[in-house]
Each structure stands twice: as C-alpha cells, then as structure tokens.
file upload_29.tsv (TSV, C-alpha atoms and all ligand atoms)
chain	number	residue	atom	x	y	z
L	28	MET	CA	-22.37	-19.42	-31.40
L	29	ILE	CA	-23.41	-22.95	-32.32
L	30	LYS	CA	-26.99	-23.55	-33.34
L	31	VAL	CA	-28.43	-26.91	-34.30
L	32	ARG	CA	-32.02	-27.35	-35.44
L	33	ASN	CA	-33.87	-30.58	-36.12
L	34	LEU	CA	-30.75	-32.33	-37.21
L	35	THR	CA	-31.27	-35.82	-38.58
L	36	LYS	CA	-28.78	-38.11	-40.24
L	37	TYR	CA	-29.37	-41.47	-41.83
L	38	TYR	CA	-26.53	-43.63	-43.11
L	39	GLY	CA	-28.56	-45.63	-45.60
L	40	GLU	CA	-31.23	-47.19	-43.44
L	41	ARG	CA	-29.42	-46.54	-40.18
L	42	LEU	CA	-30.65	-43.57	-38.18
L	43	ALA	CA	-27.56	-42.10	-36.49
L	44	VAL	CA	-28.90	-38.70	-35.39
L	45	ASP	CA	-32.59	-38.29	-34.69
L	46	ASN	CA	-34.00	-34.77	-34.88
L	47	ILE	CA	-31.76	-33.02	-32.38
L	48	SER	CA	-31.68	-29.31	-31.59
L	49	PHE	CA	-29.40	-27.42	-29.25
L	50	ASP	CA	-27.44	-24.20	-28.83
L	51	VAL	CA	-24.04	-23.38	-27.45
L	52	GLY	CA	-23.60	-19.77	-26.40
L	53	LYS	CA	-20.47	-17.68	-26.77
L	54	GLY	CA	-17.86	-18.63	-24.21
L	55	GLU	CA	-19.55	-21.81	-23.08
L	56	ILE	CA	-17.84	-25.18	-22.73
L	57	VAL	CA	-20.46	-27.79	-23.43
L	58	GLY	CA	-20.05	-31.54	-23.24
L	59	LEU	CA	-21.79	-33.87	-25.64
L	60	LEU	CA	-22.00	-36.97	-23.52
L	61	GLY	CA	-23.14	-40.35	-24.73
L	62	PRO	CA	-22.22	-44.00	-25.04
L	63	ASN	CA	-20.66	-45.57	-28.14
L	64	ALA	CA	-22.72	-45.15	-31.30
L	65	ALA	CA	-24.82	-42.39	-29.71
L	66	GLY	CA	-24.20	-40.10	-32.69
L	67	LYS	CA	-21.59	-37.76	-31.22
L	68	THR	CA	-19.06	-37.97	-34.05
L	69	THR	CA	-21.78	-37.79	-36.67
L	70	THR	CA	-23.16	-34.60	-35.10
L	71	MET	CA	-19.70	-33.07	-34.95
L	72	ARG	CA	-18.88	-33.96	-38.53
L	73	ILE	CA	-22.08	-32.27	-39.65
L	74	LEU	CA	-21.34	-29.23	-37.49
L	75	THR	CA	-17.91	-28.87	-39.06
L	76	GLY	CA	-19.28	-29.21	-42.58
L	77	PHE	CA	-17.63	-32.55	-43.33
L	78	LEU	CA	-20.92	-34.37	-43.63
L	79	THR	CA	-24.30	-33.25	-44.93
L	80	PRO	CA	-27.32	-33.96	-42.78
L	81	THR	CA	-30.35	-35.80	-44.09
L	82	ARG	CA	-32.52	-33.07	-42.58
L	83	GLY	CA	-32.08	-30.01	-40.42
L	84	ASP	CA	-29.63	-27.15	-40.19
L	85	THR	CA	-26.61	-26.07	-38.23
L	86	TRP	CA	-25.02	-22.66	-37.83
L	87	ILE	CA	-21.62	-21.72	-36.54
L	88	ALA	CA	-21.13	-18.03	-35.80
L	89	ASP	CA	-24.20	-17.29	-37.96
L	90	CYS	CA	-22.86	-19.26	-40.93
L	91	ASN	CA	-25.12	-21.98	-42.16
L	92	MET	CA	-22.90	-25.06	-42.28
L	93	VAL	CA	-25.14	-26.92	-44.68
L	94	THR	CA	-25.24	-24.24	-47.35
L	95	ASN	CA	-22.08	-22.26	-46.64
L	96	SER	CA	-19.61	-24.55	-44.95
L	97	LEU	CA	-16.52	-23.02	-46.55
L	98	GLU	CA	-17.15	-19.70	-44.86
L	99	GLY	CA	-18.22	-21.40	-41.65
L	100	ARG	CA	-15.09	-23.50	-41.37
L	101	LYS	CA	-12.98	-20.38	-40.90
L	102	HIS	CA	-14.62	-19.95	-37.53
L	103	ILE	CA	-14.06	-23.55	-36.45
L	104	GLY	CA	-11.16	-25.49	-35.02
L	105	TYR	CA	-11.89	-29.18	-35.27
L	106	MET	CA	-10.08	-31.98	-33.58
L	107	PRO	CA	-11.48	-35.18	-35.04
L	108	GLU	CA	-11.79	-38.48	-33.21
L	109	SER	CA	-8.63	-39.89	-34.74
L	110	VAL	CA	-6.39	-37.00	-35.57
L	111	PRO	CA	-5.12	-37.49	-39.11
L	112	LEU	CA	-1.53	-36.51	-38.61
L	113	TYR	CA	1.05	-36.51	-41.34
L	114	THR	CA	3.41	-38.72	-39.45
L	115	ASP	CA	6.60	-37.93	-41.36
L	116	MET	CA	6.36	-34.17	-40.74
L	117	THR	CA	7.81	-32.44	-37.73
L	118	VAL	CA	5.39	-30.71	-35.39
L	119	ARG	CA	6.52	-27.34	-36.70
L	120	GLU	CA	6.11	-28.33	-40.35
L	121	TYR	CA	2.69	-29.76	-39.65
L	122	LEU	CA	1.47	-26.65	-37.88
L	123	ALA	CA	2.94	-24.45	-40.61
L	124	PHE	CA	1.10	-26.51	-43.19
L	125	PHE	CA	-2.20	-26.07	-41.38
L	126	GLY	CA	-1.59	-22.39	-40.70
L	127	ARG	CA	-1.13	-21.71	-44.41
L	128	LEU	CA	-4.05	-23.98	-45.29
L	129	ARG	CA	-6.27	-21.91	-43.03
L	130	GLY	CA	-5.24	-18.73	-44.78
L	131	LEU	CA	-2.61	-17.26	-42.44
L	132	ASP	CA	0.37	-15.59	-44.10
L	133	ALA	CA	3.90	-16.85	-43.41
L	134	LYS	CA	4.65	-14.31	-40.73
L	135	ARG	CA	1.38	-14.82	-38.90
L	136	THR	CA	1.78	-18.58	-39.18
L	137	ASN	CA	5.19	-18.47	-37.51
L	138	HIS	CA	3.87	-16.23	-34.82
L	139	ARG	CA	0.92	-18.50	-34.16
L	140	ILE	CA	3.10	-21.62	-34.16
L	141	ASN	CA	5.03	-20.17	-31.26
L	142	ASP	CA	1.79	-19.33	-29.44
L	143	VAL	CA	0.18	-22.72	-29.82
L	144	ILE	CA	3.40	-24.60	-29.04
L	145	GLY	CA	3.48	-22.74	-25.75
L	146	LEU	CA	-0.22	-23.21	-25.02
L	147	CYS	CA	-0.14	-26.94	-25.73
L	148	ASN	CA	3.20	-27.48	-23.98
L	149	LEU	CA	4.88	-28.84	-27.06
L	150	GLU	CA	8.17	-26.95	-26.75
L	151	GLU	CA	10.22	-30.09	-26.29
L	152	TYR	CA	8.83	-31.76	-29.39
L	153	VAL	CA	8.51	-28.94	-31.86
L	154	ASP	CA	11.20	-30.37	-34.14
L	155	SER	CA	10.30	-34.02	-33.59
L	156	ILE	CA	8.74	-36.17	-36.26
L	157	ILE	CA	5.05	-36.63	-35.41
L	158	GLY	CA	5.18	-40.37	-36.08
L	159	LYS	CA	7.54	-40.73	-33.15
L	160	LEU	CA	5.42	-38.90	-30.61
L	161	SER	CA	3.39	-40.67	-27.95
L	162	LYS	CA	-0.39	-40.70	-28.31
L	163	GLY	CA	-0.92	-37.99	-25.73
L	164	PHE	CA	1.47	-35.64	-27.46
L	165	ARG	CA	-0.11	-36.38	-30.82
L	166	GLN	CA	-3.44	-35.39	-29.30
L	167	ARG	CA	-1.84	-32.11	-28.30
L	168	VAL	CA	-0.59	-31.57	-31.82
L	169	GLY	CA	-4.16	-32.21	-32.95
L	170	LEU	CA	-5.35	-29.57	-30.52
L	171	ALA	CA	-2.59	-27.13	-31.59
L	172	GLN	CA	-3.68	-27.62	-35.21
L	173	ALA	CA	-7.29	-26.90	-34.25
L	174	ILE	CA	-6.47	-23.52	-32.69
L	175	ILE	CA	-3.71	-22.27	-35.00
L	176	HIS	CA	-6.04	-19.87	-36.87
L	177	GLU	CA	-7.66	-18.59	-33.67
L	178	PRO	CA	-11.15	-19.87	-34.43
L	179	GLU	CA	-14.05	-18.72	-32.28
L	180	VAL	CA	-15.45	-22.21	-31.96
L	181	LEU	CA	-13.63	-25.40	-31.03
L	182	ILE	CA	-15.13	-28.78	-31.71
L	183	LEU	CA	-13.23	-31.54	-29.99
L	184	ASP	CA	-14.18	-35.15	-30.52
L	185	GLU	CA	-13.11	-37.17	-27.47
L	186	PRO	CA	-10.03	-35.06	-26.80
L	187	THR	CA	-8.62	-37.22	-24.01
L	188	VAL	CA	-9.37	-40.70	-25.23
L	189	GLY	CA	-6.45	-43.09	-24.96
L	190	ILE	CA	-4.08	-40.85	-23.04
L	191	ASP	CA	-2.60	-41.45	-19.62
L	192	PRO	CA	-4.10	-39.94	-16.44
L	193	LEU	CA	-1.44	-37.30	-16.00
L	194	GLN	CA	-1.81	-36.10	-19.56
L	195	VAL	CA	-5.59	-36.32	-19.27
L	196	SER	CA	-5.51	-33.92	-16.41
L	197	GLN	CA	-3.13	-31.58	-18.26
L	198	THR	CA	-5.32	-31.70	-21.36
L	199	ARG	CA	-8.41	-30.88	-19.30
L	200	THR	CA	-6.64	-27.92	-17.78
L	201	LEU	CA	-5.68	-26.81	-21.27
L	202	ILE	CA	-9.27	-27.15	-22.52
L	203	LYS	CA	-10.52	-25.06	-19.62
L	204	GLU	CA	-7.86	-22.49	-20.40
L	205	LEU	CA	-8.92	-22.45	-24.06
L	206	GLY	CA	-12.50	-22.04	-22.91
L	207	LYS	CA	-11.67	-18.52	-21.78
L	208	GLU	CA	-11.13	-17.46	-25.39
L	209	HIS	CA	-13.18	-19.95	-27.35
L	210	THR	CA	-16.62	-21.50	-27.42
L	211	ILE	CA	-16.13	-25.23	-27.05
L	212	LEU	CA	-18.19	-28.29	-27.79
L	213	LEU	CA	-16.45	-31.48	-26.77
L	214	SER	CA	-17.68	-35.02	-26.94
L	215	THR	CA	-16.97	-37.73	-24.47
L	216	HIS	CA	-18.33	-40.93	-23.09
L	217	ILE	CA	-16.36	-40.43	-19.90
L	218	LEU	CA	-18.48	-38.87	-17.23
L	219	PRO	CA	-15.72	-37.27	-15.14
L	220	GLU	CA	-14.61	-35.41	-18.25
L	221	VAL	CA	-17.84	-33.47	-18.29
L	222	SER	CA	-17.76	-32.52	-14.65
L	223	ALA	CA	-14.07	-31.61	-14.92
L	224	THR	CA	-14.32	-29.30	-17.91
L	225	CYS	CA	-17.85	-28.40	-18.92
L	226	GLY	CA	-20.38	-25.95	-17.61
L	227	ARG	CA	-23.23	-27.68	-19.34
L	228	VAL	CA	-23.93	-31.10	-20.70
L	229	ILE	CA	-26.03	-32.48	-23.51
L	230	ILE	CA	-26.70	-36.16	-23.05
L	231	ILE	CA	-27.26	-38.07	-26.23
L	232	ASN	CA	-28.27	-41.67	-26.60
L	233	ARG	CA	-29.07	-43.57	-29.77
L	234	GLY	CA	-29.19	-40.35	-31.77
L	235	ARG	CA	-31.52	-38.52	-29.45
L	236	ILE	CA	-30.98	-35.86	-26.82
L	237	ILE	CA	-32.24	-37.25	-23.56
L	238	ALA	CA	-31.27	-34.33	-21.35
L	239	GLN	CA	-29.46	-31.02	-21.48
L	240	ASP	CA	-28.70	-28.78	-18.58
L	241	SER	CA	-26.03	-27.61	-16.21
L	242	ILE	CA	-24.57	-30.46	-14.25
L	243	GLU	CA	-26.12	-29.22	-11.01
L	244	ASN	CA	-29.59	-28.80	-12.51
L	245	LEU	CA	-29.41	-32.13	-14.16
L	246	SER	CA	-28.78	-33.80	-10.86
L	247	ALA	CA	-31.69	-31.93	-9.38
L	248	ILE	CA	-34.07	-32.83	-12.19
L	249	VAL	CA	-33.29	-36.47	-12.31
L	250	LYS	CA	-33.06	-36.97	-8.70
L	251	GLY	CA	-35.66	-34.70	-7.23
L	252	ALA	CA	-34.65	-37.54	-5.02
L	253	ARG	CA	-32.96	-38.09	-1.74
L	254	ARG	CA	-30.60	-40.97	-1.28
L	255	LEU	CA	-29.68	-42.16	2.14
L	256	ARG	CA	-26.81	-44.56	2.53
L	257	ILE	CA	-27.05	-46.59	5.66
L	258	GLU	CA	-24.75	-49.12	7.21
L	259	VAL	CA	-26.57	-51.51	9.44
L	260	LYS	CA	-25.77	-54.76	11.18
L	261	GLY	CA	-28.62	-57.22	10.81
L	262	PRO	CA	-30.43	-59.33	8.20
L	263	HIS	CA	-30.35	-57.12	5.10
L	264	ASP	CA	-33.32	-58.80	3.41
L	265	GLN	CA	-35.58	-58.22	6.38
L	266	ILE	CA	-34.33	-54.70	6.90
L	267	THR	CA	-34.92	-53.91	3.25
L	268	LYS	CA	-38.50	-55.15	3.42
L	269	ARG	CA	-39.16	-53.21	6.58
L	270	LEU	CA	-37.69	-49.93	5.27
L	271	GLN	CA	-39.62	-50.24	2.02
L	272	ARG	CA	-42.82	-49.92	4.00
L	273	ILE	CA	-41.96	-46.42	5.21
L	274	ASP	CA	-44.32	-43.87	3.70
L	275	GLY	CA	-42.71	-42.09	0.75
L	276	VAL	CA	-39.76	-44.45	0.36
L	277	LYS	CA	-39.54	-45.35	-3.31
L	278	LYS	CA	-36.81	-47.92	-3.31
L	279	VAL	CA	-34.36	-49.69	-1.04
L	280	SER	CA	-31.39	-51.34	-2.70
L	281	ARG	CA	-28.08	-52.86	-1.76
L	282	GLU	CA	-24.76	-51.30	-2.63
L	283	GLY	CA	-21.88	-53.33	-1.25
L	284	ASN	CA	-22.22	-53.31	2.52
L	285	TYR	CA	-24.68	-50.45	2.42
L	286	LEU	CA	-28.38	-50.09	1.89
L	287	ILE	CA	-29.56	-47.19	-0.25
L	288	VAL	CA	-32.91	-45.70	0.63
L	289	GLU	CA	-34.44	-43.50	-2.08
L	290	SER	CA	-37.27	-41.07	-1.53
L	291	PRO	CA	-38.55	-37.82	-3.04
L	292	ILE	CA	-36.55	-34.83	-1.89
L	293	GLN	CA	-39.50	-33.44	0.14
L	294	ILE	CA	-39.50	-36.52	2.32
L	295	ASP	CA	-36.80	-37.06	4.88
L	296	PRO	CA	-37.14	-40.58	6.24
L	297	ARG	CA	-34.03	-40.46	8.43
L	298	SER	CA	-35.78	-40.44	11.78
L	299	GLN	CA	-38.13	-43.25	10.78
L	300	VAL	CA	-35.25	-45.32	9.40
L	301	THR	CA	-33.32	-44.85	12.61
L	302	GLU	CA	-36.31	-45.66	14.80
L	303	ILE	CA	-37.25	-48.82	12.90
L	304	ILE	CA	-33.70	-50.14	12.96
L	305	VAL	CA	-33.17	-49.47	16.62
L	306	LYS	CA	-36.59	-50.80	17.67
L	307	SER	CA	-36.03	-53.99	15.69
L	308	GLY	CA	-32.83	-54.61	17.60
L	309	TRP	CA	-30.51	-54.13	14.65
L	310	THR	CA	-27.40	-51.96	14.90
L	311	LEU	CA	-27.23	-48.73	12.94
L	312	LEU	CA	-23.58	-47.99	12.19
L	313	SER	CA	-24.04	-44.96	9.97
L	314	ILE	CA	-26.61	-43.00	8.02
L	315	GLU	CA	-25.76	-40.31	5.53
L	316	THR	CA	-27.24	-38.50	2.57
L	317	VAL	CA	-25.34	-39.22	-0.63
L	318	GLU	CA	-25.11	-37.15	-3.78
L	319	MET	CA	-26.14	-38.74	-6.99
L	320	SER	CA	-23.16	-39.03	-9.29
L	321	LEU	CA	-23.30	-38.11	-12.93
L	322	GLU	CA	-22.92	-41.79	-13.60
L	323	ASP	CA	-26.13	-42.55	-11.69
L	324	ILE	CA	-27.91	-39.83	-13.61
L	325	PHE	CA	-26.65	-41.10	-16.90
L	326	LEU	CA	-27.66	-44.67	-16.15
L	327	GLN	CA	-31.11	-43.58	-14.98
L	328	LEU	CA	-31.70	-41.44	-18.02
L	329	THR	CA	-30.55	-44.04	-20.51
L	330	ALA	CA	-32.60	-46.71	-18.75
L	331	LYS	CA	-35.65	-44.43	-18.82
L	332	ASP	CA	-35.09	-43.68	-22.49
L	333	LYS	CA	-34.90	-47.41	-23.22
L	334	GLU	CA	-38.10	-48.16	-21.28
L	335	GLU	CA	-39.91	-45.41	-23.15
L	336	SER	CA	-38.79	-46.53	-26.58
L	337	ASP	CA	-39.44	-50.20	-25.76
L	338	SER	CA	-43.01	-49.35	-24.88
L	339	GLU	CA	-43.53	-47.31	-28.07
J	401	LIG	N1	-19.83	-43.79	-42.21
J	401	LIG	C1	-20.81	-44.48	-41.64
J	401	LIG	N2	-21.58	-45.34	-42.34
J	401	LIG	C2	-22.58	-46.04	-41.76
J	401	LIG	N3	-22.92	-45.94	-40.46
J	401	LIG	C3	-22.20	-45.10	-39.70
J	401	LIG	C4	-21.10	-44.34	-40.24
J	401	LIG	N4	-20.58	-43.60	-39.25
J	401	LIG	C5	-21.29	-43.89	-38.14
J	401	LIG	N5	-22.28	-44.78	-38.40
J	401	LIG	C6	-23.28	-45.30	-37.45
J	401	LIG	O1	-23.95	-44.19	-36.88
J	401	LIG	C7	-24.17	-44.38	-35.49
J	401	LIG	C8	-23.55	-43.21	-34.72
J	401	LIG	O2	-22.15	-43.27	-34.87
J	401	LIG	P1	-21.17	-42.16	-34.29
J	401	LIG	O3	-19.82	-42.46	-34.78
J	401	LIG	O4	-21.74	-40.83	-34.60
J	401	LIG	O5	-21.30	-42.45	-32.73
J	401	LIG	P2	-20.42	-41.89	-31.52
J	401	LIG	O6	-21.39	-41.36	-30.52
J	401	LIG	O7	-19.37	-40.96	-32.02
J	401	LIG	O8	-19.78	-43.22	-30.94
J	401	LIG	P3	-18.31	-43.47	-30.29
J	401	LIG	O9	-18.43	-43.12	-28.83
J	401	LIG	O10	-18.14	-44.94	-30.45
J	401	LIG	O11	-17.30	-42.67	-31.03
J	401	LIG	C9	-23.55	-45.71	-35.17
J	401	LIG	O12	-24.60	-46.66	-35.13
J	401	LIG	C10	-22.62	-46.00	-36.30
J	401	LIG	O13	-22.51	-47.38	-36.54
J	402	MG	MG	-17.36	-40.97	-31.96

call {"tool": "encode", "arguments": {"input": "upload_29.tsv", "output": "structure tokens", "more": "lines below"}}
Ligand SMILES: Nc1ncnc2c1ncn2[C@@H]1O[C@H](COP(=O)(O)OP(=O)(O)OP(=O)(O)O)[C@@H](O)[C@H]1O
Ligand SMILES: [Mg+2]
result
Amino acid sequence: MIKVRNLTKYYGERLAVDNISFDVGKGEIVGLLGPNAAGKTTTMRILTGFLTPTRGDTWIADCNMVTNSLEGRKHIGYMPESVPLYTDMTVREYLAFFGRLRGLDAKRTNHRINDVIGLCNLEEYVDSIIGKLSKGFRQRVGLAQAIIHEPEVLILDEPTVGIDPLQVSQTRTLIKELGKEHTILLSTHILPEVSATCGRVIIINRGRIIAQDSIENLSAIVKGARRLRIEVKGPHDQITKRLQRIDGVKKVSREGNYLIVESPIQIDPRSQVTEIIVKSGWTLLSIETVEMSLEDIFLQLTAKDKEESDSE
C-alpha cells in the first residue's frame, strides 16, 4: 500500500533522509520510530506529496507520489505534526470544508461528518469553535479531518504528542480501531506508542533506517541475548569482576540495586552465577531473566549506528 524506494532528501547541504526504502502492506499499522531530527516528518511530507525528494520514489496505492501526487492524495489521510486548524471555524464547519475540498458532495460530506464525529468522540464539541478546544480535542479534529474522505492510507505524524495520558490512551485505541479499515503509518519518538499500537516498527536515526521488523523479532535480533537480573548482598565491585569471568558472559552492569548479567541466548549462566555467589559467602536475594524493553533495543541500535558511522 505504501512503497518507498531509495528515498533521499537534502535541505540545501543538510541530509535529512538518507536512501531509505520500506513497504507498508494493506491493513498494517507501522510505526516510524526515531529521535528528534531523525527525518520522520520529512519522510511523511514526501509520502503525502507535500515535498519533493532529492532522489528516490514513493508510491501510495500504486500512485507515484513524486510524479502524480494529486491522484495519490485522494488515497491518503494526513495528520501533520502541527495540525493547521482554522481556529475560528466550528468543528462541523471545518470538517465540512475538508469534506468538500476532498471532493465529497454535500450529502456525503454531512453523512461522513456524523461518522467521524462519532468515531473520534467529538459529539460534545461539534458546534464549538476550534480555537477554544483543548489540545487533545484539536488532535482529534485533526484525525477526523484525515479520515473524512475514507482514504485507504493514513499518515499520522506524532498523533499523541502533547496530550494528556487519558486522551493518549483513548487516541491509541482509536488508532487501533482505524487500523481495521485503513493502512496506517504513524511516527513517534515515544517507544510505548509503538508497542501499544503498531504491529511493526521501522526505526530511523539521522535519516537512515537502522532496523525494521515486528516488535518481537526486533527484540530477538538485537538481543539474541539473555539478561539476568540479580539482587545480591555483598561488595558489588568484586561480585561484578567475579561474574564477568564466567564463560560466555558478555557484560555485567549495575542497574540500581541490581546487577545485570548479559550473555548470548544459548548460554544460561544461572547455575554458575548462583554457585559463585553462594561459595563466595555473598547472599543471593533473587535471580530472574528480564525481557529487553524496546527502549533498550532502541538505545543499543542507535549506539551501534553511531559507533559504525564514527568509525567510517
Ligand atoms: N524545511 C527545512 N529546512 C531545512 N532543514 C530542515 C527542514 N525541515 C527539516 N529539516 C532538517 O531535517 C532533519 C530532519 O527533520 P525532520 O523534521 O524530518 O525530523 P523528525 O524526525 O520529524 O524530528 P522530530 O521528532 O523533532 O519531529 C533535521 O535535521 C531538520 O533540522
Ligand atoms: Mg517531526
């Protein structure tokens, strides 16, 4: 549904997007995850035909967005980073305006307004002036605008940024709901967003894709690693040194009151860890295997990417 090939964008001298390629299949919800300035908004603006790439091509529903963006835009609902709302219009007027702009006739527009008002839970505010709505509700109006013409593809640039936790969770539920009917690409720099809404994630850093996979596979790839979290009474420095000598242990580090022992997944050092601690007269309070969080993965990948490019 979304196809991106060798996309590169320079702003003058500045390389914002560096030769990226990816696909989003029909019905998928994919997260474009990356820190500030990673190139998320730039990629989305190119995908929606608002910006021309320096090199490369993008297709939405088989429409080439570089050469035929007018046709392509009919298939896209776009919620930009800062939703440009006409603040003196009511929600209903605004949605009517966009419905007509997107080519719906008056009857269909009215019909769709009622649909999207319901979907986005805007009933209470339909006749309110947009300028007087809270940020979270404005975001919803932005989302309602994006789906008014029933596009196949939704492109949402940081859809929950700046809204309160309750509304964040409602918006995520709404996005998942929309995912049943639409193909969605959403950007975020918030890791829980991806795990809460997306089936797959594309991690982008400094204009480059550093990983793309399902969340589960990504954990498996990056970790291929086992992490044991142990709580032990005794001199942590000495214990660390001793545990580092166990065959196959890659790293022992401190995390609050715990020690984290990392090893390849094939190696299970639990019995050796236990034996060493007990034999040395220290007290083992707990030992457990911990999952790597998306945050760990992200930090590892970006650190690895930095090492690689520093050594280039
Ligand atoms: N109009 C512009 N002119 C010049 N440089 C730009 C322009 N827009 C973005 N950039 C630069 O391109 C790079 C990528 O920016 P982009 O907005 O795509 O990042 P982002 O991933 O969306 O970041 P954020 O999480 O902060 O929204 C940044 O270094 C930014 O400074
Ligand atoms: Mg952005």

call {"tool": "closest_residue", "arguments": {"input": "upload_29.tsv", "among": "L:Leu42, L:Val31, L:Cys90, L:Leu60", "to": "L:Ile229", "atoms": "only C-alpha atoms"}}
result
L:Leu60

call {"tool": "atom_distance", "arguments": {"input": "upload_29.tsv", "atom1": "atom CA of L:Asn46", "atom2": "atom CA of L:Asn33"}}
result
4.4 Å

call {"tool": "residues_near_ligand", "arguments": {"input": "upload_29.tsv", "ligand": "ligand MG 402 (chain J)", "cutoff": "7 Å", "atoms": "only C-alpha atoms and all ligand atoms", "output": "ChimeraX atom specification"}}
result
/L:63-64,66-68,108,184

call {"tool": "residues_around", "arguments": {"input": "upload_29.tsv", "residues": "L:Gln166", "least_positions_apart": "6", "cutoff": "9 Å", "atoms": "all atoms listed in the file", "output": "PyMOL selection string"}}
result
chain L and resi 106+109-110+186-188+190+198

call {"tool": "residues_near_ligand", "arguments": {"input": "upload_29.tsv", "ligand": "ligand LIG 401 (chain J)", "cutoff": "12 Å", "atoms": "only C-alpha atoms and all ligand atoms", "output": "PyMOL selection string"}}
result
chain L and resi 35-45+59-74+77-79+107-109+183-186+188+213-217+230-236

call {"tool": "closest_residue", "arguments": {"input": "upload_29.tsv", "among": "L:Arg297, L:Gly58, L:Leu146, L:Lys30", "to": "L:Val228", "atoms": "only C-alpha atoms"}}
result
L:Gly58

call {"tool": "axis_aligned_box", "arguments": {"input": "upload_29.tsv", "around": "stretch 225-233 of chain L", "padding_each_side": "6 Å", "output": "lines of an AutoDock Vina configuration file"}}
result
center_x = -23.5
center_y = -34.8
center_z = -23.7
size_x = 23.2
size_y = 29.6
size_z = 24.2

call {"tool": "residues_near_point", "arguments": {"input": "upload_29.tsv", "point": "(-25.0, -47.8, 5.7)", "cutoff": "8 Å", "atoms": "all atoms listed in the file", "output": "PyMOL selection string"}}
result
chain L and resi 256-259+284-287+311-315

call {"tool": "build_atoms", "arguments": {"input": "upload_29.tsv", "residues": "stretch 112-128 of chain L", "atoms": "N, CA and C atoms", "output": "PDB file, in the frame of the given file"}}
result
ATOM      1  N   LEU L 112      -2.793 -37.233 -38.624  1.00  0.00           N
ATOM      2  CA  LEU L 112      -1.530 -36.510 -38.610  1.00  0.00           C
ATOM      3  C   LEU L 112      -0.645 -37.015 -39.738  1.00  0.00           C
ATOM      4  N   TYR L 113       0.107 -36.113 -40.307  1.00  0.00           N
ATOM      5  CA  TYR L 113       1.050 -36.510 -41.340  1.00  0.00           C
ATOM      6  C   TYR L 113       2.307 -36.926 -40.603  1.00  0.00           C
ATOM      7  N   THR L 114       2.470 -38.229 -40.459  1.00  0.00           N
ATOM      8  CA  THR L 114       3.410 -38.720 -39.450  1.00  0.00           C
ATOM      9  C   THR L 114       4.878 -38.482 -39.793  1.00  0.00           C
ATOM     10  N   ASP L 115       5.180 -38.158 -41.060  1.00  0.00           N
ATOM     11  CA  ASP L 115       6.600 -37.930 -41.360  1.00  0.00           C
ATOM     12  C   ASP L 115       6.971 -36.444 -41.307  1.00  0.00           C
ATOM     13  N   MET L 116       6.030 -35.598 -40.885  1.00  0.00           N
ATOM     14  CA  MET L 116       6.360 -34.170 -40.740  1.00  0.00           C
ATOM     15  C   MET L 116       6.781 -33.906 -39.301  1.00  0.00           C
ATOM     16  N   THR L 117       7.564 -32.857 -39.108  1.00  0.00           N
ATOM     17  CA  THR L 117       7.810 -32.440 -37.730  1.00  0.00           C
ATOM     18  C   THR L 117       6.600 -31.645 -37.253  1.00  0.00           C
ATOM     19  N   VAL L 118       6.516 -31.463 -35.957  1.00  0.00           N
ATOM     20  CA  VAL L 118       5.390 -30.710 -35.390  1.00  0.00           C
ATOM     21  C   VAL L 118       5.325 -29.325 -36.023  1.00  0.00           C
ATOM     22  N   ARG L 119       6.489 -28.691 -36.138  1.00  0.00           N
ATOM     23  CA  ARG L 119       6.520 -27.340 -36.700  1.00  0.00           C
ATOM     24  C   ARG L 119       6.051 -27.312 -38.155  1.00  0.00           C
ATOM     25  N   GLU L 120       6.516 -28.271 -38.941  1.00  0.00           N
ATOM     26  CA  GLU L 120       6.110 -28.330 -40.350  1.00  0.00           C
ATOM     27  C   GLU L 120       4.602 -28.550 -40.477  1.00  0.00           C
ATOM     28  N   TYR L 121       4.116 -29.437 -39.633  1.00  0.00           N
ATOM     29  CA  TYR L 121       2.690 -29.760 -39.650  1.00  0.00           C
ATOM     30  C   TYR L 121       1.849 -28.538 -39.329  1.00  0.00           C
ATOM     31  N   LEU L 122       2.242 -27.833 -38.276  1.00  0.00           N
ATOM     32  CA  LEU L 122       1.470 -26.650 -37.880  1.00  0.00           C
ATOM     33  C   LEU L 122       1.581 -25.556 -38.929  1.00  0.00           C
ATOM     34  N   ALA L 123       2.753 -25.449 -39.555  1.00  0.00           N
ATOM     35  CA  ALA L 123       2.940 -24.450 -40.610  1.00  0.00           C
ATOM     36  C   ALA L 123       2.021 -24.780 -41.784  1.00  0.00           C
ATOM     37  N   PHE L 124       1.963 -26.055 -42.108  1.00  0.00           N
ATOM     38  CA  PHE L 124       1.100 -26.510 -43.190  1.00  0.00           C
ATOM     39  C   PHE L 124      -0.350 -26.119 -42.930  1.00  0.00           C
ATOM     40  N   PHE L 125      -0.808 -26.393 -41.707  1.00  0.00           N
ATOM     41  CA  PHE L 125      -2.200 -26.070 -41.380  1.00  0.00           C
ATOM     42  C   PHE L 125      -2.446 -24.572 -41.277  1.00  0.00           C
ATOM     43  N   GLY L 126      -1.453 -23.844 -40.779  1.00  0.00           N
ATOM     44  CA  GLY L 126      -1.590 -22.390 -40.700  1.00  0.00           C
ATOM     45  C   GLY L 126      -1.827 -21.799 -42.081  1.00  0.00           C
ATOM     46  N   ARG L 127      -1.005 -22.228 -43.038  1.00  0.00           N
ATOM     47  CA  ARG L 127      -1.130 -21.710 -44.410  1.00  0.00           C
ATOM     48  C   ARG L 127      -2.445 -22.154 -45.028  1.00  0.00           C
ATOM     49  N   LEU L 128      -2.799 -23.430 -44.762  1.00  0.00           N
ATOM     50  CA  LEU L 128      -4.050 -23.980 -45.290  1.00  0.00           C
ATOM     51  C   LEU L 128      -5.251 -23.153 -44.810  1.00  0.00           C
TER      52      LEU L 128
END
